[in-house]
Each structure stands twice: as C-alpha cells, then as structure tokens.
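Student: Sharing run.txt here; it has compact mmCIF, C-alpha atoms.
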# COMPACT_ATOMS: atom_id res chain seq x y z
CA MET A 132 56.23 -64.26 -183.91
CA ARG A 133 58.90 -61.71 -183.85
CA GLY A 134 60.74 -61.13 -180.65
CA LYS A 135 62.25 -58.15 -178.95
CA CYS A 136 65.48 -58.00 -177.11
CA PHE A 137 66.28 -55.57 -174.31
CA LEU A 138 69.91 -55.54 -173.24
CA PHE A 139 71.10 -53.74 -170.14
CA VAL A 140 74.76 -54.26 -169.25
CA CYS A 141 76.60 -52.46 -166.52
CA MET A 142 80.07 -53.91 -167.08
CA PRO A 143 81.94 -54.76 -170.26
CA LEU A 144 83.66 -57.95 -169.17
CA ALA A 145 82.75 -61.25 -170.78
CA PHE A 146 79.37 -62.38 -169.52
CA VAL A 147 77.60 -65.70 -169.22
CA ALA A 148 74.11 -65.89 -170.64
CA GLY A 149 71.49 -66.87 -168.10
CA CYS A 150 68.37 -67.15 -170.26
CA GLU A 151 67.83 -70.83 -170.88
CA GLU A 152 67.69 -71.75 -174.55
CA LEU A 153 66.75 -75.34 -175.28
CA ASP A 154 67.71 -77.06 -178.49
CA ASP A 155 65.56 -80.17 -178.44
CA ASP A 156 65.59 -80.89 -182.17
CA PRO A 157 68.81 -82.83 -182.83
CA ASP A 158 67.40 -84.27 -186.08
CA LYS A 159 67.87 -80.97 -187.84
CA TYR A 160 71.63 -81.44 -187.70
CA LEU A 161 71.52 -84.80 -189.48
CA THR A 162 72.53 -84.66 -193.12
CA GLY A 163 71.37 -88.10 -194.23
CA GLU A 164 67.60 -87.59 -194.13
CA GLN A 165 65.78 -84.47 -195.29
CA ASN A 166 62.56 -83.82 -193.39
CA TYR A 167 59.51 -82.73 -195.33
CA VAL A 168 58.73 -79.06 -194.68
CA VAL A 169 54.97 -78.80 -194.28
CA PRO A 170 53.49 -75.60 -195.79
CA LEU A 171 51.43 -73.55 -193.33
CA ASP A 172 48.49 -73.15 -195.72
CA GLU A 173 48.38 -76.91 -196.17
CA VAL A 174 47.98 -77.43 -192.42
CA ALA A 175 45.26 -74.78 -192.25
CA VAL A 176 43.26 -76.55 -194.97
CA LEU A 177 43.83 -79.92 -193.32
CA LEU A 178 42.48 -78.76 -189.95
CA SER A 179 39.53 -76.98 -191.54
CA GLU A 180 38.45 -80.25 -193.20
CA ILE A 181 38.06 -82.01 -189.85
CA ARG A 182 34.66 -82.07 -188.19
CA MET A 183 35.69 -81.32 -184.63
CA GLY A 184 33.65 -81.68 -181.49
CA LYS A 185 33.54 -79.32 -178.54
CA GLU A 186 36.11 -81.54 -176.81
CA HIS A 187 38.66 -80.76 -179.51
CA LEU A 188 38.05 -77.02 -179.25
CA LYS A 189 38.47 -77.36 -175.49
CA GLU A 190 41.76 -79.25 -176.02
CA VAL A 191 43.18 -76.38 -178.05
CA TYR A 192 41.79 -73.85 -175.58
CA ASP A 193 43.38 -75.74 -172.67
CA ALA A 194 46.75 -75.70 -174.42
CA VAL A 195 46.80 -72.02 -175.41
CA THR A 196 45.53 -71.00 -171.97
CA SER A 197 48.30 -72.96 -170.28
CA SER A 198 50.93 -71.53 -172.64
CA SER A 199 49.70 -68.04 -171.82
CA TRP A 200 49.75 -68.77 -168.09
CA ASN A 201 53.33 -70.02 -168.44
CA GLY A 202 54.34 -66.66 -169.90
CA TYR A 203 54.25 -67.56 -173.59
CA ASP A 204 51.93 -66.63 -176.42
CA GLU A 205 48.50 -68.22 -176.90
CA GLU A 206 49.95 -71.20 -178.76
CA TYR A 207 49.63 -74.96 -179.13
CA MET A 208 52.63 -76.59 -180.74
CA MET A 209 52.19 -79.57 -183.02
CA LYS A 210 54.82 -81.53 -181.10
CA ASP A 211 52.65 -81.19 -177.98
CA LEU A 212 49.45 -81.91 -179.88
CA PHE A 213 50.77 -85.31 -180.96
CA VAL A 214 52.74 -86.25 -177.82
CA THR A 215 50.87 -84.70 -174.89
CA PRO A 216 47.45 -83.48 -176.05
CA GLY A 217 46.31 -80.31 -174.30
CA ALA A 218 49.79 -79.38 -173.07
CA GLY A 219 50.97 -75.80 -173.25
CA VAL A 220 54.45 -74.50 -173.96
CA GLY A 221 56.57 -74.96 -170.83
CA ASP A 222 54.37 -77.58 -169.14
CA ASP A 223 57.01 -80.26 -169.66
CA ARG A 224 59.55 -78.16 -167.75
CA LEU A 225 57.44 -77.54 -164.67
CA PRO A 226 58.25 -79.75 -161.64
CA GLU A 227 55.31 -81.44 -159.96
CA ALA A 228 55.32 -79.00 -157.05
CA SER A 229 55.07 -76.09 -159.47
CA VAL A 230 52.22 -77.79 -161.35
CA LEU A 231 50.27 -78.07 -158.10
CA ARG A 232 51.05 -74.47 -157.28
CA LYS A 233 49.98 -73.40 -160.76
CA ARG A 234 46.71 -75.28 -160.26
CA GLN A 235 46.05 -73.40 -157.04
CA MET A 236 46.89 -70.01 -158.52
CA MET A 237 44.60 -70.61 -161.49
CA GLY A 238 41.80 -71.56 -159.11
CA ARG A 239 41.27 -74.82 -160.96
CA ASP A 240 42.09 -77.47 -158.38
CA SER A 241 40.02 -80.08 -160.19
CA ASP A 242 41.00 -79.06 -163.72
CA CYS A 243 44.08 -76.92 -164.33
CA GLY A 244 43.81 -77.13 -168.07
CA SER A 245 46.77 -78.61 -169.87
CA ALA A 246 49.07 -78.16 -166.88
CA THR A 247 47.59 -81.29 -165.35
CA LYS A 248 46.07 -83.10 -168.30
CA ALA A 249 47.48 -86.34 -169.66
CA ALA A 250 47.03 -87.79 -173.12
CA ASP A 251 44.23 -90.10 -171.96
CA ASP A 252 42.21 -87.19 -170.48
CA TYR A 253 40.72 -86.64 -173.94
CA ASP A 254 38.57 -89.50 -175.20
CA VAL A 255 39.43 -88.76 -178.83
CA PRO A 256 42.22 -86.18 -178.97
CA LEU A 257 42.65 -83.94 -181.99
CA LYS A 258 45.69 -85.92 -183.13
CA ASP A 259 43.45 -88.93 -183.83
CA LEU A 260 41.19 -86.86 -186.06
CA ILE A 261 44.19 -85.48 -187.94
CA THR A 262 45.62 -88.95 -188.51
CA GLU A 263 42.27 -90.27 -189.70
CA ARG A 264 41.87 -87.37 -192.12
CA LEU A 265 45.35 -87.96 -193.52
CA LYS A 266 44.43 -91.56 -194.23
CA GLN A 267 41.33 -90.39 -196.07
CA LYS A 268 43.23 -87.87 -198.16
CA ALA A 269 46.16 -90.16 -199.05
CA LEU A 270 48.18 -86.96 -199.03
CA THR A 271 51.23 -86.70 -201.27
CA ARG A 272 54.23 -84.43 -201.11
CA SER A 273 53.51 -81.00 -202.53
CA GLY A 274 54.80 -80.86 -206.09
CA GLU A 275 55.86 -84.51 -205.98
CA PRO A 276 52.79 -86.57 -206.87
CA GLY A 277 54.93 -89.58 -207.63
CA ASN A 278 56.42 -89.69 -204.16
CA PRO A 279 53.55 -90.30 -201.72
CA LEU A 280 53.90 -89.33 -198.09
CA THR A 281 52.27 -91.79 -195.73
CA PRO A 282 50.10 -90.52 -192.86
CA ASP A 283 52.76 -91.59 -190.38
CA GLU A 284 55.44 -89.69 -192.30
CA TYR A 285 53.24 -86.62 -192.48
CA VAL A 286 52.52 -86.76 -188.75
CA LYS A 287 56.25 -87.06 -188.07
CA ALA A 288 56.88 -84.01 -190.26
CA LEU A 289 54.31 -82.04 -188.25
CA GLN A 290 55.56 -83.30 -184.90
CA THR A 291 59.19 -82.40 -185.59
CA SER A 292 58.36 -78.99 -187.04
CA ASP A 293 57.95 -75.66 -185.26
CA ILE A 294 54.37 -75.34 -186.54
CA GLN A 295 51.69 -74.41 -184.03
CA ILE A 296 48.12 -73.21 -183.62
CA TYR A 297 48.06 -69.58 -182.49
CA TRP A 298 44.75 -68.45 -181.02
CA ALA A 299 44.76 -64.69 -180.57
CA TYR A 300 42.17 -63.30 -178.13
CA SER A 301 41.35 -66.83 -176.96
CA GLU A 302 40.08 -65.42 -173.67
CA ASN A 303 37.07 -64.07 -175.59
CA TRP A 304 35.91 -67.53 -176.65
CA ASP A 305 32.37 -68.33 -175.55
CA GLY A 306 33.00 -72.08 -175.41
CA GLU A 307 30.65 -72.69 -178.33
CA ASP A 308 31.75 -71.04 -181.59
CA TYR A 309 33.87 -73.06 -184.00
CA PRO A 310 37.03 -71.45 -185.35
CA ILE A 311 37.96 -70.04 -188.70
CA ILE A 312 41.38 -71.45 -189.55
CA THR A 313 43.96 -69.36 -191.39
CA PHE A 314 47.75 -69.19 -191.67
CA ASP A 315 50.57 -66.67 -191.49
CA PRO A 316 51.20 -65.42 -195.05
CA ASP A 317 54.60 -64.14 -193.85
CA ASP A 318 54.40 -61.07 -196.05
CA GLY A 319 53.30 -58.43 -193.55
CA SER A 320 49.67 -58.54 -194.66
CA SER A 321 46.91 -57.50 -192.28
CA ALA A 322 44.35 -59.88 -193.84
CA ASN A 323 44.39 -63.36 -195.29
CA VAL A 324 42.06 -66.09 -196.46
CA GLY A 325 40.59 -68.32 -193.77
CA TYR A 326 38.77 -71.65 -193.97
CA ARG A 327 35.64 -72.75 -192.19
CA LEU A 328 33.93 -76.16 -192.39
CA VAL A 329 30.24 -75.81 -193.23
CA VAL A 330 27.80 -78.71 -192.81
CA ASP A 331 24.83 -78.42 -195.15
CA ASP A 332 21.26 -79.41 -194.30
CA ASP A 333 21.66 -82.69 -196.15
CA GLY A 334 24.73 -83.58 -194.09
CA SER A 335 27.24 -82.85 -196.84
CA GLU A 336 30.26 -80.72 -196.05
CA HIS A 337 32.12 -77.99 -197.86
CA ILE A 338 34.90 -75.52 -197.02
CA GLU A 339 33.91 -71.89 -196.97
CA GLU A 340 36.59 -69.28 -197.56
CA VAL A 341 36.41 -66.03 -195.62
CA ILE A 342 38.74 -63.05 -195.27
CA VAL A 343 40.11 -62.70 -191.75
CA ASP A 344 41.86 -59.78 -190.08
CA GLU A 345 42.73 -58.87 -186.51
CA GLU A 346 39.39 -57.20 -185.86
CA LEU A 347 37.54 -60.39 -186.80
CA ALA A 348 39.93 -62.44 -184.65
CA SER A 349 39.07 -60.28 -181.64
CA GLU A 350 35.36 -61.00 -182.15
CA LYS A 351 35.29 -64.58 -183.43
CA PRO A 352 37.61 -67.55 -182.74
CA VAL A 353 40.37 -67.62 -185.35
CA TRP A 354 43.18 -70.15 -185.32
CA VAL A 355 46.34 -69.04 -187.09
CA ILE A 356 48.78 -71.70 -188.25
CA ASN A 357 52.22 -70.14 -187.77
CA ARG A 358 55.67 -71.02 -186.49
CA ASN A 359 56.94 -70.94 -182.92
CA ASP A 360 59.79 -68.65 -181.88
CA ASP A 361 59.68 -68.63 -178.08
CA SER A 362 59.36 -72.18 -176.73
CA ARG A 363 63.12 -72.71 -176.46
CA TYR A 364 63.38 -69.93 -173.88
CA THR A 365 62.40 -69.93 -170.23
CA SER A 366 59.87 -67.16 -169.70
CA LEU A 367 59.73 -64.80 -166.75
CA GLU A 368 56.50 -66.43 -165.55
CA MET A 369 58.10 -69.88 -165.67
CA LEU A 370 60.86 -68.58 -163.43
CA ARG A 371 58.23 -67.19 -161.06
CA MET A 372 56.51 -70.57 -160.78
CA GLN A 373 59.81 -72.30 -160.16
CA GLU A 374 60.69 -69.88 -157.34
CA PRO A 375 58.09 -70.01 -154.51
CA GLU A 376 59.45 -66.77 -153.00
CA TRP A 377 58.62 -64.80 -156.13
CA GLY A 378 54.85 -64.91 -155.76
CA GLN A 379 52.11 -65.13 -158.34
CA PRO A 380 52.69 -64.09 -161.97
CA GLY A 381 53.17 -60.35 -162.19
CA GLY A 382 52.99 -60.09 -158.41
CA GLU A 383 54.56 -57.47 -156.22
CA ILE A 384 57.13 -59.77 -154.63
CA ILE A 385 60.67 -59.03 -155.78
CA ILE A 386 63.33 -61.71 -155.68
CA ASN A 387 66.37 -60.53 -153.76
CA PRO A 388 69.84 -61.79 -154.65
CA LYS A 389 71.23 -64.48 -152.39
CA GLY A 390 72.77 -63.01 -149.30
CA ALA A 391 71.08 -59.64 -149.81
CA GLY A 392 70.79 -57.45 -146.78
CA THR A 393 72.54 -54.62 -144.98
CA LYS A 394 76.15 -54.09 -145.99
CA SER A 395 78.94 -54.48 -143.49
CA ASN A 396 79.49 -50.73 -143.37
CA ASP A 397 75.85 -50.31 -142.31
CA LYS A 398 74.91 -48.61 -145.56
CA PRO A 399 71.67 -49.97 -147.01
CA LEU A 400 71.91 -52.26 -150.01
CA ARG A 401 70.43 -50.56 -153.06
CA THR A 402 68.94 -52.71 -155.81
CA LEU A 403 67.87 -51.64 -159.29
CA ILE A 404 64.71 -53.31 -160.56
CA LEU A 405 62.59 -53.01 -163.66
CA ARG A 406 59.16 -52.35 -162.22
CA ASP A 407 57.19 -52.44 -165.47
CA PHE A 408 57.41 -51.75 -169.17
CA THR A 409 54.99 -50.78 -171.89
CA MET A 410 55.15 -51.68 -175.58
CA ASN A 411 53.63 -48.82 -177.54
CA ARG A 412 53.22 -50.55 -180.89
CA ASN A 413 53.41 -53.96 -182.53
CA TYR A 414 56.16 -54.29 -185.10
CA ASP A 415 54.88 -57.29 -187.04
CA SER A 416 51.73 -58.57 -188.67
CA TRP A 417 49.17 -59.94 -186.21
CA PHE A 418 49.49 -63.35 -187.87
CA ALA A 419 52.93 -63.60 -186.26
CA GLY A 420 51.53 -63.20 -182.75
CA ALA A 421 52.82 -61.39 -179.70
CA SER A 422 56.21 -59.81 -179.03
CA GLU A 423 58.81 -61.55 -176.89
CA PHE A 424 61.05 -59.26 -174.88
CA PHE A 425 64.42 -60.56 -173.81
CA VAL A 426 65.97 -58.70 -170.88
CA LYS A 427 69.69 -59.18 -170.28
CA ILE A 428 71.50 -57.54 -167.40
CA GLY A 429 75.19 -57.68 -166.54
CA SER A 430 76.74 -56.20 -163.40
CA LEU A 431 79.37 -56.69 -160.73
CA GLU A 432 78.13 -57.89 -157.37
CA GLU A 433 79.52 -56.23 -154.22
CA PHE A 434 81.67 -53.90 -156.31
CA THR A 435 84.02 -52.01 -153.97
CA ALA A 436 87.28 -51.90 -155.94
CA SER A 437 89.64 -49.11 -154.90
CA THR A 438 92.39 -49.76 -157.48
CA GLU A 439 92.48 -50.68 -161.12
CA ALA A 440 94.24 -53.92 -160.18
CA GLU A 441 91.36 -54.88 -157.89
CA LEU A 442 88.92 -54.24 -160.69
CA ARG A 443 90.41 -57.15 -162.63
CA LEU A 444 89.49 -59.51 -159.79
CA TYR A 445 85.76 -59.01 -160.34
CA ASN A 446 83.68 -61.23 -162.56
CA PRO A 447 80.35 -59.92 -163.85
CA SER A 448 77.13 -61.80 -163.24
CA VAL A 449 74.40 -61.77 -165.85
CA THR A 450 70.70 -62.38 -165.42
CA ASP A 451 68.26 -62.43 -168.27
CA PHE A 452 64.52 -62.81 -168.60
CA MET A 453 61.95 -63.25 -171.33
CA ILE A 454 58.48 -61.77 -171.11
CA VAL A 455 55.74 -61.92 -173.72
CA VAL A 456 53.48 -58.94 -174.38
CA LYS A 457 50.29 -59.96 -176.16
CA ARG A 458 48.99 -57.79 -178.96
CA LYS A 459 45.95 -56.71 -176.97
CA ASN A 460 48.28 -55.21 -174.34
CA VAL A 461 49.83 -52.55 -176.57
CA GLY A 462 49.99 -49.38 -174.50
CA VAL A 463 49.22 -51.26 -171.27
CA PRO A 464 52.01 -51.32 -168.62
CA GLN A 465 53.09 -54.89 -167.94
CA PRO A 466 54.37 -55.74 -164.46
CA PHE A 467 57.95 -57.02 -164.57
CA ASN A 468 59.18 -56.76 -160.98
CA ALA A 469 62.60 -58.33 -161.42
CA VAL A 470 66.05 -57.41 -160.17
CA LEU A 471 68.34 -55.90 -162.79
CA VAL A 472 71.34 -55.04 -160.61
CA SER A 473 71.33 -56.42 -157.08
CA ASP A 474 74.01 -54.06 -155.76
CA TRP A 475 73.48 -50.61 -157.29
CA THR A 476 76.52 -48.67 -156.11
CA ASP A 477 77.76 -45.15 -156.77
CA GLN A 478 80.77 -46.64 -158.57
CA LEU A 479 78.59 -47.71 -161.50
CA THR A 480 78.40 -44.42 -163.38
CA HIS A 481 77.23 -45.36 -166.90
CA CYS A 482 75.55 -48.44 -168.34
CA ALA A 483 75.31 -49.60 -171.92
CA PHE A 484 71.69 -49.97 -172.93
CA MET A 485 70.06 -51.42 -176.03
CA ILE A 486 66.57 -52.40 -177.13
CA THR A 487 66.13 -54.39 -180.33
CA GLU A 488 63.31 -56.15 -182.08
CA ASP A 489 64.50 -59.63 -182.99
CA ASP A 490 63.89 -60.34 -186.66
CA GLY A 491 66.59 -62.93 -187.14
CA GLY A 492 69.44 -62.91 -189.62
CA THR A 493 73.07 -63.76 -189.06
CA ARG A 494 74.81 -63.09 -185.77
CA THR A 495 76.64 -59.81 -185.40
CA SER A 496 77.43 -57.49 -182.50
CA TRP A 497 77.42 -53.92 -181.23
CA LYS A 498 80.62 -52.61 -179.69
CA CYS A 499 79.88 -50.29 -176.81
CA SER A 500 81.30 -49.21 -173.47
CA ALA A 501 80.39 -48.88 -169.80
CA ILE A 502 82.03 -46.80 -167.09
CA VAL A 503 82.85 -47.33 -163.42
CA LYS A 504 84.55 -44.99 -160.98
CA ILE A 505 87.41 -45.82 -158.62
CA ASN A 506 88.64 -43.09 -156.25
CA SER A 507 86.98 -40.37 -158.35
CA LYS A 508 88.63 -41.63 -161.53
CA SER A 509 86.47 -43.06 -164.30
CA TYR A 510 87.37 -46.24 -166.14
CA GLY A 511 85.68 -47.02 -169.46
CA PHE A 512 85.58 -50.55 -170.80
CA GLU A 513 84.86 -51.77 -174.30
CA MET A 514 82.31 -54.53 -174.64
CA THR A 515 80.36 -56.38 -177.29
CA MET A 516 76.62 -57.02 -177.33
CA PRO A 517 75.29 -59.71 -179.69
CA LEU A 518 72.40 -59.05 -182.06
CA ASN A 519 71.16 -60.22 -185.44
CA THR A 520 71.61 -58.45 -188.75
CA LYS A 521 67.86 -58.12 -189.37
CA ASP A 522 67.04 -56.79 -185.90
CA ASP A 523 65.36 -53.42 -185.60
CA ILE A 524 67.29 -51.32 -183.10
CA VAL A 525 64.68 -49.50 -181.06
CA TRP A 526 67.16 -47.69 -178.78
CA ARG A 527 70.80 -48.00 -177.85
CA GLY A 528 73.37 -45.89 -176.06
CA GLN A 529 74.57 -45.11 -172.55
CA LEU A 530 72.44 -44.44 -169.48
CA ALA A 531 74.02 -42.56 -166.59
CA ARG A 532 73.49 -43.63 -162.98
CA LYS A 533 72.41 -40.05 -162.19
CA TYR A 534 69.75 -40.23 -164.91
CA ILE A 535 68.31 -43.48 -163.55
CA GLU A 536 68.31 -42.20 -159.99
CA THR A 537 66.71 -38.88 -161.01
CA ASN A 538 63.92 -40.78 -162.77
CA ASN A 539 63.51 -43.36 -160.02
CA GLY A 540 59.98 -44.79 -160.26
CA VAL A 541 59.04 -42.54 -163.19
CA PRO A 542 58.09 -44.09 -166.57
CA ALA A 543 60.45 -42.96 -169.32
CA HIS A 544 60.29 -43.35 -173.09
CA TYR A 545 62.90 -45.42 -174.95
CA GLY A 546 62.00 -45.59 -178.61
CA ASP A 547 58.69 -47.46 -178.77
CA VAL A 548 58.97 -48.79 -175.21
CA ASP A 549 58.24 -47.11 -171.89
CA LEU A 550 60.19 -48.43 -168.88
CA THR A 551 59.94 -47.76 -165.17
CA PHE A 552 63.17 -48.28 -163.24
CA GLU A 553 63.06 -48.28 -159.46
CA ILE A 554 65.81 -48.42 -156.84
CA LEU A 555 64.93 -50.28 -153.64
CA GLU A 556 66.85 -50.08 -150.39
CA HIS A 557 67.20 -53.03 -148.04
Could I get this file's structure written as structure tokens?
Tutor:
Amino acid sequence: MRGKCFLFVCMPLAFVAGCEELDDDPDKYLTGEQNYVVPLDEVAVLLSEIRMGKEHLKEVYDAVTSSSWNGYDEEYMMKDLFVTPGAGVGDDRLPEASVLRKRQMMGRDSDCGSATKAADDYDVPLKDLITERLKQKALTRSGEPGNPLTPDEYVKALQTSDIQIYWAYSENWDGEDYPIITFDPDDGSSANVGYRLVVDDDGSEHIEEVIVDEELASEKPVWVINRNDDSRYTSLEMLRMQEPEWGQPGGEIIINPKGAGTKSNDKPLRTLILRDFTMNRNYDSWFAGASEFFVKIGSLEEFTASTEAELRLYNPSVTDFMIVVKRKNVGVPQPFNAVLVSDWTDQLTHCAFMITEDDGGTRTSWKCSAIVKINSKSYGFEMTMPLNTKDDIVWRGQLARKYIETNNGVPAHYGDVDLTFEILEH
C-alpha cells in the first residue's frame, strides 16, 4: 500500500511529531543473522494449496473486518495470524475498555470478531494448516536447494515479515465462496495470475490458475498477498476508540482541546477543523491496497504575542492523524471531524500547506514559510517539512487565513483531493 501525507503547519518553529510510529521489529537491526525474505508469490501458492474450511475463511474475515474497523486497510498480518489468530491490526493496542466499547459499537456483543477473539477460539486456526503444509512440502530456500529451510524457520520468516493477506471488498463476501489467492506483482499491473484449489470428483486436488483484476475482486473473494505499510501508525479511528468523548468512528463529535472555552476577553474561541476530505483517484495498483493519509498540523496555542520578543516565548504544538481511504471510496467524502488548530486567531495570517503521496525513498525536506501578524506587522518564518524523495507532491504552497475563512464549510480542490475546512466557535 502506498500512503499519502497531508501536512498543514501554521508556525515554522521546530515541532514534535504526534503520530505514533511503532518499531516493533528489533531483529532487523541485528547484523549477525540474515532473515529469509519470503517471496510474495511463494506465499500465495502455499496458501492456495491448503484445503481450508469455512472456519479458516471466517478467521481471515474476522481479522480484516477488525483491521478495517480500527481504521486500517482490510488486512491480516502474518505476525497476527501466527500469534493471535483472527486479530486485526491495532487490536493489541486497544485497552480492555475500548475493546468492550468497540464490541458495543459493532453490535456484536457476543462476537466482536477478532477484537475479542483469542487463539483458542478457533479449533484449528489457519496457522496449523500452514505449518502442516510446510511439513508436507519440505520447503527449501528459493535458489538454494542445498540449504533446506525447516517448517519452523519458514514460519519464523513469515511471522517476522511485513507480509499480510489483503482482502479488498471483503464486505461483499457471502460467507460461502472460497477465495482466489494472488500476490502484488509490484510493477503497477492491473491484473495478475491467481491460484485456486480445485477438488476433482475423485477427491484429487489441483491448482487452477486464473487471471484476477480489481473488477473480479469486487465480485468474488480475492486474497492478495502483499506487504503492510500502515500498522506502525495509530489511525484516526484508533484514537477515536481510545477517547470516549470523541464518539463513534466518523461521528459528529469533535474533540476540543483541553481547557477550551470562552477566552478571558469574552471573545469566542475559534477552532479550525477538517470536516471531511475526498480522494479523487487512486495513485497505485489495486494490489497495493488503500491509501493512507497522514495529517500533520502545527500551531501556537493561545497566541496573543504583541512583540517580536514575546513571539519567541511560544512553543508550537503539533497534532497528527492517519486515516485510510479504501479504494471503493474514491470520490466519496470521508468524515474526518478532527481539530487542526484549536485557537484560530486573526494573528495567523498564512499557513504552509502540503499534500504528498508517500512512495518511500530517502528522507529529504521542503523549506517553506508561514506568517503571523503582531501589531499589524507581518513576521515570516522559515521552516522545514520532511518528505521522501519518491513522494508524489499533490499540492504545496501557502494558504491565507482569509482564504480559509472565505471558504468556511465549502469543499475545495487541492490537486487530487477535496477538503472541507470549517471554523467552529465556542
């Protein structure tokens, strides 16, 4: 999956990133042992060779449904498959109270999918079938027939990888059909070979190859073996579930900054929020999945400086969010309903604004500026926004306070994204 990054910064001072990024794979920094990199097509063939039961399809469905509910793509990571069968991305970071609340919101008090399932909730989880099949195959390292890889070593390679099952349009599953299993060719193709286990009348089995594309995936269950890009971040929906005041996912409740209310001079507090946004096209092949939008906002709280010296006393606060837009939602406004700037004052005259599609590469930056006004005099400040060398820059530049206020509550076009800003008064 390729991500997108939306950066909105109202002050140029050094900022502290607020979007949680977890690095839970310390083994990758060890130089002594080289982990086997499992090819995606190899995993697709392996899974297609397994005669699964309806319980195993339900396990994958539980996991991708829970991941989606948690604000991620429809994905089931191999590390979860082998450690906590049926668990979705983010389930391990939900406190018990949030799990119960999630159960209630999903209307599944008796069965909340993977959010409440434990490893022993599946009589024979999919991991057992995979392990058994590996023992039957006596799989060896690709290209190294003289250096056999034991089933345990292969399972470890899968478990420590970023490989996952991506099930696009999983909500269309009828609960009966078995999947075609394919993989991300990582070449921008719109179609690829897929594998389906066929049981003949005499009980023998063979693998049937079919060509799969996004249209087929929207009609029939198709599992794509690809790599995860979003699990290390905390999604917007995860933040909603961790904050009881925020309301249900995508709800109308807006979180107010701590201490928000009427200012001491009796002027109402004005807050800038991002009401919704619309992605107008997918940038990447459907095999890569949905688009992850990263929203970063920097501003000065309670900014009332009257001299340049006072300006130096302020420290910016930064909030950032991640929200996933599934491929089926292209052109459909997605509710965001999050505070961008808690104290939107007349002294903030121009903001630096950038939208990028995250395609990786080495770290670089964009030097830009923002402007504030003190006693009718404008002060511009240089700042640096991080991005990657391979990122597609969808839009970047300055947005004036007057422009935002003039278009208050009106969707506006920014490259291939439509955004609706709204200013609320408290």
Student: Could you tell me how far CA of Asp415 in chain A sits from CA of Glu340 in chain A, in Å to one decimal place?
Tutor: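 Those two atoms sit 24.3 Å apart.
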Student: Got a sec: who's within 6 Å of Phe408 in chain A, counting all atoms listed in the file, leaving out chain neighbours fewer than 2 positions off, as a CSV table (one decimal) with C-alpha atoms, in the coordinates of the input?
Tutor:
chain,number,residue,atom,x,y,z
A,464,PRO,CA,52.0,-51.3,-168.6
A,465,GLN,CA,53.1,-54.9,-167.9
A,549,ASP,CA,58.2,-47.1,-171.9
A,550,LEU,CA,60.2,-48.4,-168.9
Student: Skip Asp318 in chain A itself and residues of its chain fewer than 5 positions away, then list as a PyMOL selection string all residues within 12 Å of it, counting all atoms listed in the file.
Tutor: chain A and resi 323+415-419
Student: My list of candidates is A:Asp477, A:Asp361, A:Glu186, A:Glu180. Which is closest to Glu339 in chain A when distances are computed with all atoms listed in the file?
Tutor: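 Checking each candidate against Glu339 in chain A, we get A:Glu180 as the closest.
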Student: How many Å lie between CA of Val343 in chain A and CA of Arg327 in chain A, rounded to one decimal?
Tutor: 11.0 Å
Student: Measure the distance from CA of Gly334 in chain A to CA of Ile261 in chain A in Å and round it to one decimal.
Tutor: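 That distance, rounded to one decimal, is 20.5 Å.
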Student: For each of A:Leu367, A:Ala175, A:Met453, A:Ile296, take the minimum atom-to-atom distance to Asp211 in chain A, counting only C-alpha atoms, then give the residue where this is smallest.
Tutor: A:Ile296
Student: Quick one: residues within 12 Å of Phe314 in chain A, all atoms listed in the file, excluding same-chain residues fewer than 5 positions away - as an NGL selection string?
Tutor: :A and (170-179 or 294-298 or 320-326 or 342-344 or 353-358 or 416-420)
Student: Which one is closest to Leu225 in chain A: A:Leu265, A:Met369, A:Ile338, A:Leu260? Count all atoms listed in the file.
Tutor: A:Met369
Student: Would you please work out which residue, of A:Leu289, A:Val330, A:Val472, A:Ala348, is nearest to Arg401 in chain A when using only C-alpha atoms?
Tutor: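 Closest to Arg401 in chain A, using only C-alpha atoms: A:Val472.
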Student: Using only C-alpha atoms, pick whichever of A:Tyr167, A:Tyr534, A:Tyr192, A:Phe484 has the shortest atom-to-atom distance to Asp305 in chain A.
Tutor: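 Closest to Asp305 in chain A, using only C-alpha atoms: A:Tyr192.
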